[in-house]
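Below is the file upload_33.csv, which contains CSV, C-alpha atoms.
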chain,number,residue,atom,x,y,z
L,29,MET,CA,3.3,12.8,137.9
L,30,ARG,CA,0.7,10.6,139.5
L,31,VAL,CA,1.9,7.0,140.0
L,32,THR,CA,-0.4,4.1,140.9
L,33,LYS,CA,1.1,0.8,142.0
L,34,PHE,CA,-0.9,-2.2,140.9
L,35,THR,CA,-0.4,-5.9,141.9
L,36,HIS,CA,3.1,-7.3,141.4
L,37,SER,CA,5.1,-5.3,138.9
L,38,CYS,CA,2.5,-3.1,137.2
L,39,LEU,CA,2.6,0.7,137.4
L,40,ARG,CA,0.3,3.3,135.9
L,41,LEU,CA,1.7,6.8,135.4
L,42,GLU,CA,-0.6,9.8,134.7
L,43,GLY,CA,0.6,13.2,133.5
L,44,ALA,CA,0.3,14.6,130.0
L,45,GLY,CA,-1.0,11.1,129.1
L,46,VAL,CA,-1.4,7.7,130.7
L,47,LEU,CA,1.5,5.2,130.6
L,48,VAL,CA,1.3,1.7,131.9
L,49,VAL,CA,4.3,-0.5,132.7
L,50,ASP,CA,4.1,-4.3,132.8
L,51,PRO,CA,0.4,-5.1,132.9
L,52,GLY,CA,0.9,-8.8,133.7
L,53,GLU,CA,-1.5,-11.6,134.5
L,54,PHE,CA,-1.2,-10.9,138.2
L,55,SER,CA,-2.2,-7.3,137.9
L,56,GLU,CA,-5.6,-5.7,137.6
L,57,LYS,CA,-6.8,-5.2,134.0
L,58,ALA,CA,-8.2,-1.8,135.1
L,59,ALA,CA,-4.6,-0.5,135.0
L,60,LEU,CA,-5.0,-0.3,131.2
L,61,ASP,CA,-8.2,1.7,131.2
L,62,GLY,CA,-7.6,4.8,129.1
L,63,ALA,CA,-3.9,4.1,128.6
L,64,ASP,CA,-2.1,5.9,125.8
L,65,ALA,CA,1.0,3.8,125.8
L,66,VAL,CA,2.4,0.6,127.4
L,67,LEU,CA,5.9,-0.4,128.3
L,68,ILE,CA,6.8,-4.1,128.5
L,69,THR,CA,10.1,-4.9,130.3
L,70,HIS,CA,10.1,-8.6,129.1
L,71,GLU,CA,8.0,-11.5,127.9
L,72,HIS,CA,7.1,-13.4,131.1
L,73,PHE,CA,3.4,-13.7,131.9
L,74,ASP,CA,3.6,-11.9,135.2
L,75,HIS,CA,4.7,-8.8,133.2
L,76,LEU,CA,2.7,-9.2,130.0
L,77,ASP,CA,-0.9,-10.3,129.9
L,78,VAL,CA,-1.2,-10.7,126.1
L,79,ASP,CA,-5.0,-11.0,126.1
L,80,ALA,CA,-5.4,-7.9,128.3
L,81,VAL,CA,-3.0,-5.8,126.2
L,82,THR,CA,-4.7,-7.0,122.9
L,83,ALA,CA,-8.1,-6.1,124.3
L,84,ALA,CA,-6.8,-2.7,125.3
L,85,VAL,CA,-5.7,-2.1,121.7
L,86,SER,CA,-9.1,-3.2,120.4
L,87,ARG,CA,-10.8,-0.6,122.7
L,88,ARG,CA,-8.2,2.1,121.8
L,89,PRO,CA,-6.6,1.5,118.4
L,90,ASP,CA,-4.1,4.4,118.9
L,91,LEU,CA,-2.6,2.8,122.0
L,92,ARG,CA,1.2,2.4,121.5
L,93,ILE,CA,3.2,-0.5,122.9
L,94,PHE,CA,7.0,-0.3,123.4
L,95,ALA,CA,9.1,-3.4,124.2
L,96,HIS,CA,12.3,-5.3,123.3
L,97,GLU,CA,12.2,-6.9,119.9
L,98,ALA,CA,12.1,-10.4,121.6
L,99,VAL,CA,8.7,-9.6,123.0
L,100,LEU,CA,7.0,-8.5,119.7
L,101,PRO,CA,6.3,-12.0,118.4
L,102,LEU,CA,3.9,-12.4,121.4
L,103,LEU,CA,2.0,-9.3,120.2
L,104,GLU,CA,1.8,-10.2,116.5
L,105,SER,CA,-1.9,-9.7,116.5
L,106,VAL,CA,-1.4,-6.0,117.3
L,107,ALA,CA,1.8,-5.6,115.4
L,108,GLY,CA,0.7,-2.2,114.0
L,109,SER,CA,0.6,-0.9,117.6
L,110,THR,CA,4.1,-2.1,118.6
L,111,THR,CA,7.5,-0.5,118.5
L,112,ALA,CA,10.8,-2.3,119.2
L,113,VAL,CA,13.2,-0.5,121.6
L,114,SER,CA,16.7,-1.4,122.7
L,115,SER,CA,19.0,-0.6,125.6
L,116,GLY,CA,20.2,3.0,125.5
L,117,GLU,CA,17.4,4.2,123.4
L,118,GLU,CA,15.3,7.3,124.3
L,119,PHE,CA,11.8,7.8,123.1
L,120,GLU,CA,8.5,9.5,124.0
L,121,ALA,CA,5.5,7.5,125.3
L,122,ALA,CA,2.2,9.1,126.4
L,123,GLY,CA,3.9,12.4,126.9
L,124,PHE,CA,6.7,11.0,129.1
L,125,ARG,CA,10.4,10.8,128.1
L,126,VAL,CA,11.6,7.2,128.5
L,127,ARG,CA,15.1,5.7,128.4
L,128,ALA,CA,15.7,2.0,128.2
L,129,TYR,CA,18.5,0.3,130.2
L,130,GLY,CA,20.0,-3.2,130.4
L,131,GLY,CA,18.9,-5.7,127.9
L,132,GLN,CA,19.1,-9.0,129.9
L,133,HIS,CA,16.9,-10.6,132.5
L,134,ALA,CA,18.6,-11.5,135.8
L,135,ILE,CA,20.0,-15.1,135.8
L,136,ILE,CA,17.5,-17.5,137.3
L,137,HIS,CA,19.7,-20.6,137.0
L,138,PRO,CA,22.4,-21.7,134.5
L,139,TYR,CA,19.9,-24.3,133.2
L,140,VAL,CA,17.2,-21.7,132.5
L,141,PRO,CA,17.4,-19.8,129.2
L,142,VAL,CA,18.4,-16.1,129.4
L,143,PHE,CA,15.6,-13.7,128.4
L,144,ALA,CA,15.7,-10.1,127.2
L,145,ASN,CA,14.7,-7.5,129.7
L,146,LEU,CA,14.7,-3.7,129.7
L,147,GLY,CA,14.6,-1.3,132.6
L,148,PHE,CA,12.8,2.0,132.0
L,149,LEU,CA,13.5,5.4,133.4
L,150,ILE,CA,10.4,7.5,133.0
L,151,ASP,CA,10.6,11.3,133.2
L,152,ASP,CA,8.0,14.1,133.0
L,153,GLY,CA,10.4,17.0,133.2
L,154,ALA,CA,9.9,17.5,136.9
L,155,ALA,CA,10.3,14.0,138.4
L,156,ASN,CA,11.4,10.5,137.3
L,157,VAL,CA,10.6,6.9,138.1
L,158,TYR,CA,12.7,3.8,137.5
L,159,HIS,CA,11.3,0.4,136.8
L,160,PRO,CA,14.0,-2.2,136.3
L,161,GLY,CA,11.8,-5.1,135.2
L,162,ASP,CA,13.4,-8.4,136.2
L,163,SER,CA,16.9,-7.1,136.7
L,164,PHE,CA,19.2,-5.2,139.0
L,165,THR,CA,20.5,-3.0,136.2
L,166,LEU,CA,21.7,0.4,137.5
L,167,PRO,CA,20.5,3.4,135.6
L,168,GLY,CA,23.6,5.4,136.5
L,169,VAL,CA,21.7,8.6,136.9
L,170,GLU,CA,19.9,10.3,139.8
L,171,VAL,CA,16.5,8.6,140.5
L,172,GLU,CA,13.8,10.2,142.5
L,173,THR,CA,11.4,7.2,142.8
L,174,LEU,CA,12.7,3.6,142.5
L,175,PHE,CA,10.6,0.5,142.3
L,176,ALA,CA,12.8,-2.3,143.6
L,177,PRO,CA,12.2,-6.0,143.2
L,178,MET,CA,11.3,-7.4,146.6
L,179,ASN,CA,11.1,-11.2,145.8
L,180,ALA,CA,11.7,-13.4,142.8
L,181,PRO,CA,13.2,-16.8,141.8
L,182,TRP,CA,16.2,-14.8,140.4
L,183,ALA,CA,16.7,-12.6,143.5
L,184,THR,CA,17.8,-12.6,147.1
L,185,ILE,CA,16.9,-10.0,149.7
L,186,ALA,CA,20.6,-9.1,149.9
L,187,GLU,CA,20.7,-8.3,146.2
L,188,SER,CA,17.5,-6.2,146.6
L,189,VAL,CA,19.1,-4.2,149.4
L,190,GLU,CA,22.3,-3.6,147.6
L,191,PHE,CA,20.3,-2.5,144.5
L,192,VAL,CA,18.5,0.2,146.5
L,193,ARG,CA,21.7,1.2,148.2
L,194,ALA,CA,23.5,1.5,144.8
L,195,VAL,CA,20.8,3.6,143.1
L,196,ARG,CA,20.3,5.8,146.2
L,197,PRO,CA,16.9,7.1,145.2
L,198,GLY,CA,14.9,9.8,146.9
L,199,ARG,CA,12.4,7.0,147.9
L,200,ALA,CA,11.8,3.4,147.0
L,201,PHE,CA,8.8,1.1,146.8
L,202,ALA,CA,8.4,-2.6,146.5
L,203,LEU,CA,8.1,-4.2,143.0
L,204,HIS,CA,7.7,-7.9,142.1
L,205,ASP,CA,6.0,-8.6,145.4
L,206,GLY,CA,3.0,-10.6,144.1
L,207,LEU,CA,4.7,-14.0,145.0
L,208,LEU,CA,4.9,-13.2,148.7
L,209,ASN,CA,2.4,-14.0,151.4
L,210,GLU,CA,1.8,-11.5,154.2
L,211,ARG,CA,4.4,-13.0,156.5
L,212,GLY,CA,7.1,-13.2,153.8
L,213,ALA,CA,6.5,-9.6,152.8
L,214,ALA,CA,6.9,-8.4,156.4
L,215,VAL,CA,10.2,-10.2,156.7
L,216,TYR,CA,11.5,-8.9,153.4
L,217,GLY,CA,10.2,-5.5,154.0
L,218,LYS,CA,11.9,-5.2,157.4
L,219,HIS,CA,15.3,-5.8,155.8
L,220,LEU,CA,14.7,-3.3,153.0
L,221,GLU,CA,13.4,-0.7,155.4
L,222,SER,CA,16.3,-1.2,157.8
L,223,PHE,CA,19.3,-1.5,155.5
L,224,SER,CA,18.5,0.3,152.2
L,225,ASP,CA,19.6,3.7,153.4
L,226,THR,CA,16.6,5.3,152.0
L,227,LYS,CA,12.8,5.4,152.7
L,228,PHE,CA,11.4,2.1,151.5
L,229,GLN,CA,7.7,1.0,151.5
L,230,GLN,CA,5.6,-1.8,150.3
L,231,VAL,CA,2.2,-0.4,149.3
L,232,THR,CA,-1.1,-2.2,148.7
L,233,PRO,CA,-2.3,-2.5,145.1
L,234,GLY,CA,-4.2,0.6,143.9
L,235,THR,CA,-2.1,3.0,146.1
L,236,VAL,CA,-1.6,6.3,144.4
L,237,LEU,CA,1.8,7.8,145.1
L,238,GLY,CA,2.2,11.6,144.8

Structure re-expressed in structure tokens:
Amino acid sequence: MRVTKFTHSCLRLEGAGVLVVDPGEFSEKAALDGADAVLITHEHFDHLDVDAVTAAVSRRPDLRIFAHEAVLPLLESVAGSTTAVSSGEEFEAAGFRVRAYGGQHAIIHPYVPVFANLGFLIDDGAANVYHPGDSFTLPGVEVETLFAPMNAPWATIAESVEFVRAVRPGRAFALHDGLLNERGAAVYGKHLESFSDTKFQQVTPGTVLG
């Protein structure tokens, strides 16, 4: 499995096919080039660039999109390419085995509406990757590569550290890091590297992880 981290919360996984997770408005549109399937954790613009995904379908009509049913109205123009998935469901996407977890976005504030959110465990038969979206939902299974939220309006660094410690992955990388400047990333990264009890890294966009 070849994993490329793009800006903020976007991942591109290449194996038997090409699977892209959360191509949002902060991430590079090139992440979608040649994609066979797309996973969307939730509806927020930093995780779903509707125009970019729609354009990708126009270029590749057999592209499949998997998301919570709450997301599908945003993709009405490409409804024929979309499939609703729910928490606990297992399915195949671009040759990978995927299981959906959770169902709810982390609480931002009691005054802010609660949104649907799915975490995705992606497995190629030899290794797996977990992308929690905007949540700290635990998958409850062994995780080789974890992408952990580093900074968000709904998160504290203490929660991020505890999340990594609870999952206990083989390795962990920063996710949801597009809102941080260089100084902030250094501070947050130091805590995650020091206290997560696993190897943690923030990588630059476009980094390919073996």

Given all atoms listed in the file, how would the per-residue table for region 135-218 of chain L near region 72-89 of chain L read, listing every residue at most 12 Å away with its closest atom pair and distance in Å to one decimal, sorted by chain and number, as a tab-separated table?
residue	atom	partner	partner_atom	distance
L:Val142	CA	L:His72	CA	11.7
L:Phe143	CA	L:His72	CA	8.9
L:Ala144	CA	L:His72	CA	10.0
L:Asn145	CA	L:His72	CA	9.7
L:Leu146	CA	L:His75	CA	11.8
L:His159	CA	L:His75	CA	11.9
L:Pro160	CA	L:His75	CA	11.8
L:Gly161	CA	L:His75	CA	8.3
L:Asp162	CA	L:His75	CA	9.2
L:Ala180	CA	L:Asp74	CA	11.2
L:Leu203	CA	L:His75	CA	11.3
L:His204	CA	L:Asp74	CA	9.0
L:Asp205	CA	L:Asp74	CA	11.0
L:Gly206	CA	L:Asp74	CA	9.0
L:Leu207	CA	L:Asp74	CA	10.1

| message | Ranking L:Val195, L:Leu149, L:Val231, L:Ala202 by minimum distance to Phe175 (chain L) and counting all atoms listed in the file, which one comes first? | response | L:Ala202

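What separates CA of Arg127 (chain L) from CA of Gly217 (chain L) is a distance of 28.4 Å.
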
| field | Counting all atoms listed in the file, the option among L:Ala122, L:Asn209, L:Val215, L:Val157 closest to Lys33 (chain L) | value | L:Val157

| request: Show which residues sit within 10 Å of Ile135 (chain L), as a VMD selection string. Count all atoms listed in the file, and ignore same-chain residues fewer than 2 positions away. | output: chain L and resid 132 to 133 137 to 143 162 to 163 181 to 183
